Protein chains: 4
Amino acid sequence: MAGNSFGQLFRITTFGESHGKAIGVVVDGCPAGLEIDVEFIQNQLSKRRPGQSEITTSRTEADNFDIISGVFEGKSTGAPICLLIANKDQRSKDYEHLKDVFRPSHADFTYEKKYGIRDYKGGGRSSARETAARVAAGAIAMLLLKRVEVSINAYVSQVGTIKIPESAFPIDYSNIENNLVRCPHEDTAAKMEVLIKEAKDDGDTVGGVITCVAENVPIGLGEPVFDKLHAELAKASMSINAAKGFEIGSGFASAAMFGSMHNDPFINEDNKITTESNFSGGIQGGISNGEPIVFNVAFKPVSTIQQQQKTVNQQGEEVEIKAQGRHDPCVVPRAVPIVESMAALVLADYYLRQKSDKI
Amino acid sequence: MAGNSFGQLFRITTFGESHGKAIGVVVDGCPAGLEIDVEFIQNQLSKRRPGQSEITTSRTEADNFDIISGVFEGKSTGAPICLLIANKDQRSKDYEHLKDVFRPSHADFTYEKKYGIRDYKGGGRSSARETAARVAAGAIAMLLLKRVEVSINAYVSQVGTIKIPESAFPIDYSNIENNLVRCPHEDTAAKMEVLIKEAKDDGDTVGGVITCVAENVPIGLGEPVFDKLHAELAKASMSINAAKGFEIGSGFASAAMFGSMHNDPFINEDNKITTESNFSGGIQGGISNGEPIVFNVAFKPVSTIQQQQKTVNQQGEEVEIKAQGRHDPCVVPRAVPIVESMAALVLADYYLRQKSDKI
Amino acid sequence: MAGNSFGQLFRITTFGESHGKAIGVVVDGCPAGLEIDVEFIQNQLSKRRPGQSEITTSRTEADNFDIISGVFEGKSTGAPICLLIANKDQRSKDYEHLKDVFRPSHADFTYEKKYGIRDYKGGGRSSARETAARVAAGAIAMLLLKRVEVSINAYVSQVGTIKIPESAFPIDYSNIENNLVRCPHEDTAAKMEVLIKEAKDDGDTVGGVITCVAENVPIGLGEPVFDKLHAELAKASMSINAAKGFEIGSGFASAAMFGSMHNDPFINEDNKITTESNFSGGIQGGISNGEPIVFNVAFKPVSTIQQQQKTVNQQGEEVEIKAQGRHDPCVVPRAVPIVESMAALVLADYYLRQKSDKI
Amino acid sequence: MAGNSFGQLFRITTFGESHGKAIGVVVDGCPAGLEIDVEFIQNQLSKRRPGQSEITTSRTEADNFDIISGVFEGKSTGAPICLLIANKDQRSKDYEHLKDVFRPSHADFTYEKKYGIRDYKGGGRSSARETAARVAAGAIAMLLLKRVEVSINAYVSQVGTIKIPESAFPIDYSNIENNLVRCPHEDTAAKMEVLIKEAKDDGDTVGGVITCVAENVPIGLGEPVFDKLHAELAKASMSINAAKGFEIGSGFASAAMFGSMHNDPFINEDNKITTESNFSGGIQGGISNGEPIVFNVAFKPVSTIQQQQKTVNQQGEEVEIKAQGRHDPCVVPRAVPIVESMAALVLADYYLRQKSDKI
């Protein structure tokens, strides 16, 4: 109940702090016989790793991982898979002066009040460094999903007020990795990069939106009532550090629409039932209908800024602070593999859950 | 795993179909000794009940409930509390002609494919009638939360493109029940009502947004990493029928903001640590910080419309249908107590979970 | 977490008190398309019902049940199945004098201390009446298991010091229902009946043992480490009122054995791998091996006796009481369907869980 | 659901194989602020470690552990605690000849059938080496329980047919560690040691029983119905490798008793309600009553014997094998800390669960 596990049948538990020995994950429930493609996992981790470009934090971690258990001769055995990622480039002294202070919009205050003790080094457990463990586990989920042809692609669709224009659709996912921002539309990406650099130069940070699309998802994933597929995707997405909003399909825009426009008519296309539009975002009644699952996640600007800020310390005194820790000017480029991973973890879990639907 | 339960320590399981004998809920984990205020529960149910006004469905259900277990001499005993709400005004024959057809943007298609069998009467298990059980359970959660002074208020903030203007804030929650729409700003409510009636006259439906505010939430509710308080609120909200989007605090607007604007400075106000702004929406690092928890839920227009629509039937043939079942032209007025209930269920659960935080 | 649910994928939640309106169960996770054989469920309930013979309690309940949800045209739909069993023959006044007293070896004292409130009528939630709900749910589990040819048979193997002799094996299960005790060996049953009647005449009660055998269980049910199949059977069995001991296969006798005798050699019998002996009781490493699963459950003598007993009351004063409530002189004849049900619930759950073992 | 986790609020997940890099455990839900006494944990691990004496396996592992996460300045922080124990003295070549063979009464056959793949080295995940992780986690649970004065002592009460005589009670727990067998009665211990050595000399193994006593357990731990405290203790105990039976209090002996003898009369002793006898074993209605919790666990003789045995191989051919791996002639001396650990894990979990009992 302490919140460090996710999923029911494909279940992960992460552990580790920003400046501890290592972070890691236990994946329990991965079906036996899956080839564990180490290169693919490393590749996903590298998309998330700090220090990958000039628009990310300068903390440098290779984020190589060790397989501690659960894999035998290259395949999953049904036993829990533990992956460890060592922490190497901690600079704990950067945080000594924050030991006693609650950084604005960080978790310092709430952790202190909740637990009465706080690992202040690099944010401890509340650090987004924990998401490396999610990406490692999410990569294994992706390997499972690939076997049933599911593909998942996330990309940056907004930074500050800059958005991909309607004219850029449909998106060619092969362009996502062509630029530092991970925005598949070249012109937009260029503008985003400029904005992020400006924010960085100002010692500031900026927010953004990531769009994620899962294709070829089998019909029938999702559980009625509380465990609707998009409800779980919402939880998965909102659990990512800095996430502030989630929408599926038409999302908030649907509030302004009429049913006659919004309904997705079923049609028969070459003996396959499909829908003419996809305002539903691939999910109806909480269950996948075979159309692309499309959702957006909004991220706030990173809370650590290189500017003087007022706040209070543990004694309740009002003080001024200026961050020294390294940080990202905009979280969305590195959050792309995290969003993909959370989507994969949900879909892998629901893929296994659906095996008990019928006699 | 079949998705009909919600919560960990304060855990509910709902059951029942739209046209079955009854719907109901089992609340397991309600602490012993809580006075079960029957009138309060009934009052919450009455806010949700069909047939309450001319802008809701004409199905008429009093939604009275029976306490089957778990209450002794007016108080909870620690045993599971089962509440039953009889179904009385079913008109199953309205659905006979839909037995074989997949209504657009409904759950007919996905349930059929998932289970190979489908209770087509009134949508069966996928009907929003299930939410009456949530409201009954949510009312018990509210009774628990009231003991620690938590108050929860939801209201309609948008219908179609009509929104409460900025000038109307701060909201006086005592106005919420003053109109049929449950919008606390009188002028806006009037416009919304007109729009809903227009939609109804057109045989159409319209979407909307509900805003929910929880005040006096104790500091420290929420679990790190996956079970962040807003992540669970997101899941809870998105599990409501017709929900398409969720945002906490600054939400999607945060994507366009800079960190220097968005951060909430801590201040000391009369020896209480509080924040100057509340873009965080009362939650930092997934844990409540004592400020009001504010979130929005977007609802799509109801899928059942009184217009001719094209679709396919179970044989895959393209057909035209026109709904005969009774339905709401806009879901948000009746969804207000549902959103409150889901918020209460999350907060009650996390209130119990937080009891193990420290030695 | 409040302990009223059992199972993971085939999950039941029971509710209700001995003298409340009804007891009931919600079965969540029953695969869709299962024919719900009402007569079979009733038959199982009738084996457990009070008042069935002169060696059981004289409380008379027909234990008819209502299906509230989850069944459509005779089949499960994948939605939660709620079954209700009304309480009809309560005599709450029999318990008025016990309102203030802790009956020896009952749950009165512990419930009072745990919850600070107690439904003293008929034992409230702690009454074995709750097991009717388990039997109803267990019957559904059995219907699911029957589809894969699993058969489960429990019988009384010991009452007091009277045991079925070795010479009576192998057991012919068709004899179980031939006598009131549910012991398949006629001579032994007759002696047991006499002993139970003697105990009854003395206002006393006597303990016993139930043996349960599950045959044709597919190989591979059970999860390693904590959720070993026999560990879950142990929990399931020990959760039955009055259970004091559990053993699988060789059980406590194994403590006195040597490995060279105890090991079950694998042999190839007509191209089927089987074992020469079955000290393992059909489970190795926590996983079913295809041999019969055999386990015993020991039951203490019922705590309610018709004799003067000393105890204390809520004020801590030492007092004498004599029970007036109706009760069984020996629990095992009626516990036979309960043990079968718990076995079925475990096996059905693990049968669904095993679907995710391999890619 | 894959069975590698235990507990609800104090929840552990173990991972690792006998011949992998390491075994480990993640403890999630340990309250913040607990002093993590490293020496105590190591001491418990040393009681379980292989190679500790001439009556245990000759595999030598120091079983030192690393704290990877969740501890800051010597105290728990509320974050998950990961402990790693390296494997050092593997001899995988001893298992090469077993790669293709199903050892009698081992998990080889069932793992192979369940997963279609098997780590045959040292038994892989099915090895009792996994229990080291339980002991490490159980030690943390004990540290938590010590703060509320709970003490847990397990000891060997039977090996083969040799049992501690009635005259030896009450047991002085300080004698447990006085001999290699961990039997607190010197004479009995000496006989047990002789028997174990004889078995060893014969290349054979022998079974035994461990008795566990938990004292000063607060009244009120345990949940009604399915999660009765003794039901969970049964599951916990039966999940230990080689366990075949569990009994609480009077256990199997209760089957032969009458209620008038078996009931535990409540008495008032110096203003404390206690019971005159303790056939209940400290638990009534599934909830602790403040008396000592007493239970027994029966262990079969270890399956690995140094004798020629017949079995079948993966091709189904009947073959003869003789084990070469190192193993224990009797499991109970080393299982003492494992039983204590499982008891501690259950009690710590229920201690946290009980915090939500009342308003």
# chains A, B, ... in the order shown; residues from 1 in each chain; ligands from 1
>>> interface_residues(of="chain A", to="chain D", cutoff="7 Å", atoms="only C-alpha atoms", output="VMD selection string")
chain A and resid 1 to 2 8 to 9 15 to 17 20 to 22 28 to 29 32 to 33 68 to 70 72 77 to 80 82 115 117 to 119 125
>>> write_last_selection(atoms="N, CA, C and O atoms", output="mmCIF file, in the first residue's frame")
data_model
loop_
_atom_site.group_PDB
_atom_site.id
_atom_site.type_symbol
_atom_site.label_atom_id
_atom_site.label_comp_id
_atom_site.auth_asym_id
_atom_site.auth_seq_id
_atom_site.Cartn_x
_atom_site.Cartn_y
_atom_site.Cartn_z
ATOM 1 N N MET A 1 0.817 -1.212 0.000
ATOM 2 C CA MET A 1 0.000 0.000 0.000
ATOM 3 C C MET A 1 0.850 1.261 0.000
ATOM 4 O O MET A 1 0.339 2.356 -0.036
ATOM 5 N N ALA A 2 2.181 1.062 0.111
ATOM 6 C CA ALA A 2 3.044 2.225 0.257
ATOM 7 C C ALA A 2 3.368 2.864 -1.083
ATOM 8 O O ALA A 2 4.136 3.821 -1.141
ATOM 9 N N GLN A 8 -1.151 -5.316 -11.757
ATOM 10 C CA GLN A 8 -1.716 -6.425 -11.002
ATOM 11 C C GLN A 8 -1.067 -7.741 -11.401
ATOM 12 O O GLN A 8 -0.487 -8.417 -10.567
ATOM 13 N N LEU A 9 -1.138 -8.097 -12.651
ATOM 14 C CA LEU A 9 -0.545 -9.361 -13.088
ATOM 15 C C LEU A 9 0.878 -9.141 -13.594
ATOM 16 O O LEU A 9 1.768 -9.928 -13.318
ATOM 17 N N PHE A 15 12.516 0.781 -6.398
ATOM 18 C CA PHE A 15 13.157 1.190 -5.139
ATOM 19 C C PHE A 15 14.375 2.042 -5.476
ATOM 20 O O PHE A 15 14.848 2.051 -6.610
ATOM 21 N N GLY A 16 14.866 2.750 -4.487
ATOM 22 C CA GLY A 16 16.093 3.520 -4.672
ATOM 23 C C GLY A 16 15.880 5.017 -4.635
ATOM 24 O O GLY A 16 14.803 5.510 -4.947
ATOM 25 N N GLU A 17 16.935 5.700 -4.228
ATOM 26 C CA GLU A 17 16.895 7.151 -4.115
ATOM 27 C C GLU A 17 17.892 7.793 -5.084
ATOM 28 O O GLU A 17 18.828 7.133 -5.532
ATOM 29 N N GLY A 20 21.381 7.445 -3.624
ATOM 30 C CA GLY A 20 21.725 6.191 -2.959
ATOM 31 C C GLY A 20 22.669 5.374 -3.831
ATOM 32 O O GLY A 20 23.187 5.850 -4.847
ATOM 33 N N LYS A 21 22.866 4.104 -3.458
ATOM 34 C CA LYS A 21 23.776 3.238 -4.207
ATOM 35 C C LYS A 21 23.266 2.958 -5.613
ATOM 36 O O LYS A 21 24.022 2.893 -6.569
ATOM 37 N N ALA A 22 21.975 2.741 -5.705
ATOM 38 C CA ALA A 22 21.410 2.328 -6.983
ATOM 39 C C ALA A 22 19.904 2.525 -6.942
ATOM 40 O O ALA A 22 19.310 2.680 -5.874
ATOM 41 N N ASP A 28 7.459 -8.563 -11.444
ATOM 42 C CA ASP A 28 6.901 -9.861 -11.078
ATOM 43 C C ASP A 28 5.691 -10.149 -11.966
ATOM 44 O O ASP A 28 4.813 -9.304 -12.123
ATOM 45 N N GLY A 29 5.661 -11.307 -12.534
ATOM 46 C CA GLY A 29 4.523 -11.676 -13.366
ATOM 47 C C GLY A 29 4.794 -11.636 -14.860
ATOM 48 O O GLY A 29 3.885 -11.828 -15.660
ATOM 49 N N ALA A 32 6.863 -16.543 -18.622
ATOM 50 C CA ALA A 32 8.115 -17.235 -18.918
ATOM 51 C C ALA A 32 8.304 -17.376 -20.425
ATOM 52 O O ALA A 32 7.343 -17.440 -21.181
ATOM 53 N N GLY A 33 9.555 -17.402 -20.826
ATOM 54 C CA GLY A 33 9.871 -17.677 -22.226
ATOM 55 C C GLY A 33 10.048 -16.432 -23.073
ATOM 56 O O GLY A 33 10.266 -16.526 -24.276
ATOM 57 N N ILE A 68 19.723 -9.007 -12.134
ATOM 58 C CA ILE A 68 20.081 -9.740 -10.915
ATOM 59 C C ILE A 68 19.380 -11.091 -10.864
ATOM 60 O O ILE A 68 19.889 -12.044 -10.286
ATOM 61 N N SER A 69 18.218 -11.185 -11.482
ATOM 62 C CA SER A 69 17.439 -12.424 -11.323
ATOM 63 C C SER A 69 16.382 -12.556 -12.409
ATOM 64 O O SER A 69 16.094 -11.600 -13.131
ATOM 65 N N GLY A 70 15.835 -13.742 -12.536
ATOM 66 C CA GLY A 70 14.648 -13.956 -13.360
ATOM 67 C C GLY A 70 14.890 -14.227 -14.827
ATOM 68 O O GLY A 70 13.940 -14.466 -15.568
ATOM 69 N N PHE A 72 17.159 -16.550 -17.555
ATOM 70 C CA PHE A 72 18.016 -17.741 -17.663
ATOM 71 C C PHE A 72 18.260 -17.999 -19.140
ATOM 72 O O PHE A 72 17.310 -18.143 -19.911
ATOM 73 N N THR A 77 12.024 -16.550 -16.906
ATOM 74 C CA THR A 77 11.721 -17.898 -16.402
ATOM 75 C C THR A 77 10.392 -17.963 -15.662
ATOM 76 O O THR A 77 9.995 -19.024 -15.202
ATOM 77 N N GLY A 78 9.740 -16.808 -15.495
ATOM 78 C CA GLY A 78 8.552 -16.754 -14.655
ATOM 79 C C GLY A 78 8.888 -16.262 -13.248
ATOM 80 O O GLY A 78 8.002 -15.878 -12.492
ATOM 81 N N ALA A 79 10.170 -16.286 -12.903
ATOM 82 C CA ALA A 79 10.617 -15.765 -11.602
ATOM 83 C C ALA A 79 10.734 -14.240 -11.695
ATOM 84 O O ALA A 79 10.838 -13.683 -12.790
ATOM 85 N N PRO A 80 10.712 -13.559 -10.565
ATOM 86 C CA PRO A 80 10.791 -12.093 -10.611
ATOM 87 C C PRO A 80 12.105 -11.609 -11.211
ATOM 88 O O PRO A 80 13.168 -12.127 -10.875
ATOM 89 N N CYS A 82 14.787 -8.828 -11.430
ATOM 90 C CA CYS A 82 15.281 -7.625 -10.753
ATOM 91 C C CYS A 82 16.364 -6.982 -11.614
ATOM 92 O O CYS A 82 17.310 -7.645 -12.027
ATOM 93 N N TYR A 115 6.559 11.892 6.879
ATOM 94 C CA TYR A 115 7.419 10.850 7.446
ATOM 95 C C TYR A 115 8.214 11.292 8.671
ATOM 96 O O TYR A 115 8.768 10.463 9.384
ATOM 97 N N ILE A 117 11.024 12.463 8.633
ATOM 98 C CA ILE A 117 12.430 12.245 8.290
ATOM 99 C C ILE A 117 12.510 12.398 6.781
ATOM 100 O O ILE A 117 11.547 12.101 6.080
ATOM 101 N N ARG A 118 13.649 12.904 6.290
ATOM 102 C CA ARG A 118 13.696 13.169 4.857
ATOM 103 C C ARG A 118 15.113 13.022 4.340
ATOM 104 O O ARG A 118 16.042 13.595 4.885
ATOM 105 N N ASP A 119 15.241 12.239 3.263
ATOM 106 C CA ASP A 119 16.528 12.141 2.569
ATOM 107 C C ASP A 119 16.571 13.319 1.605
ATOM 108 O O ASP A 119 15.975 13.293 0.535
ATOM 109 N N ARG A 125 13.817 9.888 -2.499
ATOM 110 C CA ARG A 125 12.895 9.007 -3.206
ATOM 111 C C ARG A 125 11.980 9.787 -4.140
ATOM 112 O O ARG A 125 11.417 9.222 -5.073
#
>>> select_by_dssp(residues="region 78-231 of chain B", states="helix (DSSP H, G or I)", output="VMD selection string")
chain B and resid 92 to 98 108 to 115 121 to 126 128 to 146 166 to 168 173 to 178 186 to 201 225 to 227 229 to 231
>>> residues_around(residues="region 291-301 of chain A", least_positions_apart="3", cutoff="8 Å", atoms="only C-alpha atoms", output="number ranges by chain")
A: 205-217, 237-238, 242-249, 274-275, 278, 281-283, 288, 329-332; B: 251-252, 254-255, 257-259, 262
>>> write_last_selection(atoms="C-alpha atoms", output="PDB file, in the first residue's frame")
ATOM      1  CA  THR A 205      12.050  26.147 -16.849  1.00  0.00           C
ATOM      2  CA  VAL A 206       9.068  25.566 -19.134  1.00  0.00           C
ATOM      3  CA  GLY A 207       6.194  23.063 -19.330  1.00  0.00           C
ATOM      4  CA  GLY A 208       4.958  20.901 -22.169  1.00  0.00           C
ATOM      5  CA  VAL A 209       2.686  18.142 -23.399  1.00  0.00           C
ATOM      6  CA  ILE A 210       3.461  14.607 -24.529  1.00  0.00           C
ATOM      7  CA  THR A 211       1.135  12.707 -26.843  1.00  0.00           C
ATOM      8  CA  CYS A 212       1.188   8.932 -26.818  1.00  0.00           C
ATOM      9  CA  VAL A 213      -0.316   6.576 -29.377  1.00  0.00           C
ATOM     10  CA  ALA A 214      -0.654   2.812 -28.956  1.00  0.00           C
ATOM     11  CA  GLU A 215      -1.521   0.930 -32.133  1.00  0.00           C
ATOM     12  CA  ASN A 216      -2.690  -2.595 -32.834  1.00  0.00           C
ATOM     13  CA  VAL A 217      -3.913  -2.988 -29.292  1.00  0.00           C
ATOM     14  CA  SER A 237       0.539   8.997 -16.495  1.00  0.00           C
ATOM     15  CA  MET A 238      -0.285  11.208 -13.552  1.00  0.00           C
ATOM     16  CA  ALA A 242       5.573  16.839 -12.855  1.00  0.00           C
ATOM     17  CA  ALA A 243       2.448  15.527 -14.635  1.00  0.00           C
ATOM     18  CA  LYS A 244      -0.557  17.832 -14.172  1.00  0.00           C
ATOM     19  CA  GLY A 245      -3.142  16.653 -16.693  1.00  0.00           C
ATOM     20  CA  PHE A 246      -4.337  13.672 -18.692  1.00  0.00           C
ATOM     21  CA  GLU A 247      -6.816  13.308 -21.498  1.00  0.00           C
ATOM     22  CA  ILE A 248      -7.930  10.443 -23.696  1.00  0.00           C
ATOM     23  CA  GLY A 249      -9.161  10.933 -27.260  1.00  0.00           C
ATOM     24  CA  THR A 274     -13.787  -0.041 -37.338  1.00  0.00           C
ATOM     25  CA  THR A 275     -14.881   3.528 -36.571  1.00  0.00           C
ATOM     26  CA  ASN A 278     -11.764   8.274 -33.122  1.00  0.00           C
ATOM     27  CA  GLY A 281      -9.330   7.527 -28.359  1.00  0.00           C
ATOM     28  CA  GLY A 282      -9.516   3.807 -28.950  1.00  0.00           C
ATOM     29  CA  ILE A 283     -11.401   2.994 -25.745  1.00  0.00           C
ATOM     30  CA  SER A 288     -10.056  -1.088 -26.130  1.00  0.00           C
ATOM     31  CA  PRO A 329      15.023  23.236 -18.214  1.00  0.00           C
ATOM     32  CA  CYS A 330      12.098  21.279 -19.661  1.00  0.00           C
ATOM     33  CA  VAL A 331      11.108  17.788 -18.671  1.00  0.00           C
ATOM     34  CA  VAL A 332       9.238  16.610 -21.756  1.00  0.00           C
TER      35      VAL A 332
ATOM     36  CA  GLY B 251      -3.408  21.246 -15.274  1.00  0.00           C
ATOM     37  CA  PHE B 252      -2.988  21.577 -19.023  1.00  0.00           C
ATOM     38  CA  SER B 254       0.861  24.498 -16.833  1.00  0.00           C
ATOM     39  CA  ALA B 255       2.341  23.300 -20.116  1.00  0.00           C
ATOM     40  CA  MET B 257       3.962  28.293 -18.112  1.00  0.00           C
ATOM     41  CA  PHE B 258       7.458  28.993 -16.829  1.00  0.00           C
ATOM     42  CA  GLY B 259       8.725  27.639 -13.535  1.00  0.00           C
ATOM     43  CA  HIS B 262       4.339  28.334 -11.614  1.00  0.00           C
TER      44      HIS B 262
END
>>> residues_around(residues="His185 (chain B)", least_positions_apart="2", cutoff="12 Å", atoms="only C-alpha atoms", output="VMD selection string")
chain B and resid 155 to 158 162 to 183 187 to 192
>>> write_last_selection(atoms="N, CA and C atoms", output="tab-separated table (two decimals), in the first residue's frame")
chain	number	residue	atom	x	y	z
B	155	TYR	N	-18.78	21.18	-8.56
B	155	TYR	CA	-19.79	21.99	-9.26
B	155	TYR	C	-19.49	21.98	-10.75
B	156	VAL	N	-20.50	22.35	-11.53
B	156	VAL	CA	-20.35	22.40	-12.98
B	156	VAL	C	-19.67	23.72	-13.35
B	157	SER	N	-18.51	23.63	-13.99
B	157	SER	CA	-17.79	24.85	-14.36
B	157	SER	C	-17.85	25.15	-15.85
B	158	GLN	N	-18.30	24.16	-16.64
B	158	GLN	CA	-18.40	24.37	-18.08
B	158	GLN	C	-19.47	23.45	-18.67
B	162	ILE	N	-19.66	27.25	-22.69
B	162	ILE	CA	-20.00	28.20	-21.63
B	162	ILE	C	-19.24	27.86	-20.34
B	163	LYS	N	-18.46	28.81	-19.85
B	163	LYS	CA	-17.66	28.58	-18.65
B	163	LYS	C	-17.95	29.64	-17.59
B	164	ILE	N	-17.73	29.31	-16.36
B	164	ILE	CA	-17.79	30.31	-15.29
B	164	ILE	C	-16.68	31.33	-15.53
B	165	PRO	N	-16.99	32.63	-15.53
B	165	PRO	CA	-15.95	33.64	-15.77
B	165	PRO	C	-15.03	33.76	-14.55
B	166	GLU	N	-13.80	34.20	-14.80
B	166	GLU	CA	-12.81	34.39	-13.73
B	166	GLU	C	-13.35	35.27	-12.62
B	167	SER	N	-14.16	36.26	-13.04
B	167	SER	CA	-14.67	37.24	-12.08
B	167	SER	C	-15.57	36.61	-11.01
B	168	ALA	N	-16.05	35.41	-11.30
B	168	ALA	CA	-16.99	34.78	-10.36
B	168	ALA	C	-16.30	34.12	-9.17
B	169	PHE	N	-14.98	34.11	-9.19
B	169	PHE	CA	-14.24	33.45	-8.10
B	169	PHE	C	-13.95	34.45	-6.99
B	170	PRO	N	-13.82	34.06	-5.72
B	170	PRO	CA	-13.99	32.69	-5.22
B	170	PRO	C	-15.45	32.26	-5.23
B	171	ILE	N	-15.64	30.98	-5.39
B	171	ILE	CA	-16.96	30.39	-5.50
B	171	ILE	C	-17.63	30.28	-4.13
B	172	ASP	N	-18.90	30.59	-4.08
B	172	ASP	CA	-19.68	30.34	-2.86
B	172	ASP	C	-20.42	29.01	-3.06
B	173	TYR	N	-19.91	27.98	-2.39
B	173	TYR	CA	-20.45	26.64	-2.64
B	173	TYR	C	-21.92	26.50	-2.26
B	174	SER	N	-22.41	27.41	-1.43
B	174	SER	CA	-23.81	27.29	-1.02
B	174	SER	C	-24.75	27.60	-2.19
B	175	ASN	N	-24.19	28.12	-3.29
B	175	ASN	CA	-25.04	28.38	-4.46
B	175	ASN	C	-25.17	27.18	-5.40
B	176	ILE	N	-24.40	26.16	-5.16
B	176	ILE	CA	-24.36	25.05	-6.12
B	176	ILE	C	-25.74	24.44	-6.34
B	177	GLU	N	-26.47	24.25	-5.26
B	177	GLU	CA	-27.78	23.58	-5.38
B	177	GLU	C	-28.91	24.56	-5.73
B	178	ASN	N	-28.55	25.80	-6.07
B	178	ASN	CA	-29.60	26.80	-6.37
B	178	ASN	C	-30.21	26.67	-7.76
B	179	ASN	N	-29.60	25.85	-8.60
B	179	ASN	CA	-30.15	25.72	-9.95
B	179	ASN	C	-30.01	24.28	-10.42
B	180	LEU	N	-30.69	23.97	-11.52
B	180	LEU	CA	-30.73	22.58	-12.00
B	180	LEU	C	-29.39	22.09	-12.51
B	181	VAL	N	-28.55	23.05	-12.94
B	181	VAL	CA	-27.28	22.67	-13.57
B	181	VAL	C	-26.20	22.34	-12.53
B	182	ARG	N	-26.37	22.85	-11.33
B	182	ARG	CA	-25.35	22.76	-10.26
B	182	ARG	C	-24.11	23.58	-10.61
B	183	CYS	N	-24.36	24.77	-11.19
B	183	CYS	CA	-23.29	25.74	-11.43
B	183	CYS	C	-23.51	26.88	-10.43
B	187	ASP	N	-25.70	33.55	-13.43
B	187	ASP	CA	-25.80	33.92	-14.85
B	187	ASP	C	-25.31	32.79	-15.76
B	188	THR	N	-24.18	32.25	-15.37
B	188	THR	CA	-23.62	31.17	-16.18
B	188	THR	C	-24.56	29.96	-16.17
B	189	ALA	N	-25.09	29.67	-15.01
B	189	ALA	CA	-26.01	28.54	-14.88
B	189	ALA	C	-27.20	28.71	-15.83
B	190	ALA	N	-27.71	29.92	-15.89
B	190	ALA	CA	-28.87	30.17	-16.75
B	190	ALA	C	-28.54	29.89	-18.21
B	191	LYS	N	-27.36	30.35	-18.63
B	191	LYS	CA	-26.95	30.10	-20.02
B	191	LYS	C	-26.75	28.60	-20.28
B	192	MET	N	-26.17	27.96	-19.32
B	192	MET	CA	-25.93	26.51	-19.46
B	192	MET	C	-27.26	25.77	-19.61
>>> closest_residue(among="B:Val339, B:Ile359, B:Val135, B:Leu195", to="Ala256 (chain A)", atoms="only C-alpha atoms")
B:Leu195
>>> residues_around(residues="Gly316 (chain A)", least_positions_apart="6", cutoff="9 Å", atoms="only C-alpha atoms", output="VMD selection string")
chain B and resid 267 to 268 271 to 273
>>> write_last_selection(atoms="N, CA and C atoms", output="compact mmCIF listing (two decimals), in the first residue's frame")
# COMPACT_ATOMS: atom_id res chain seq x y z
N ILE B 267 5.05 30.33 2.48
CA ILE B 267 5.10 31.47 3.40
C ILE B 267 4.64 31.02 4.79
N ASN B 268 4.96 31.83 5.75
CA ASN B 268 4.53 31.55 7.12
C ASN B 268 3.43 32.54 7.48
N ASN B 271 2.15 31.60 11.88
CA ASN B 271 2.72 30.33 12.36
C ASN B 271 2.16 29.08 11.68
N LYS B 272 1.56 29.29 10.51
CA LYS B 272 1.15 28.12 9.72
C LYS B 272 1.84 28.22 8.37
N ILE B 273 2.50 27.16 7.98
CA ILE B 273 3.15 27.18 6.67
C ILE B 273 2.09 26.96 5.60
>>> select_by_dssp(residues="region 19-160 of chain C", states="strand (DSSP E or B)", output="PyMOL selection string")
chain C and resi 22-28+32+35+65-69+71-72+75-76+81-86+101+151-159
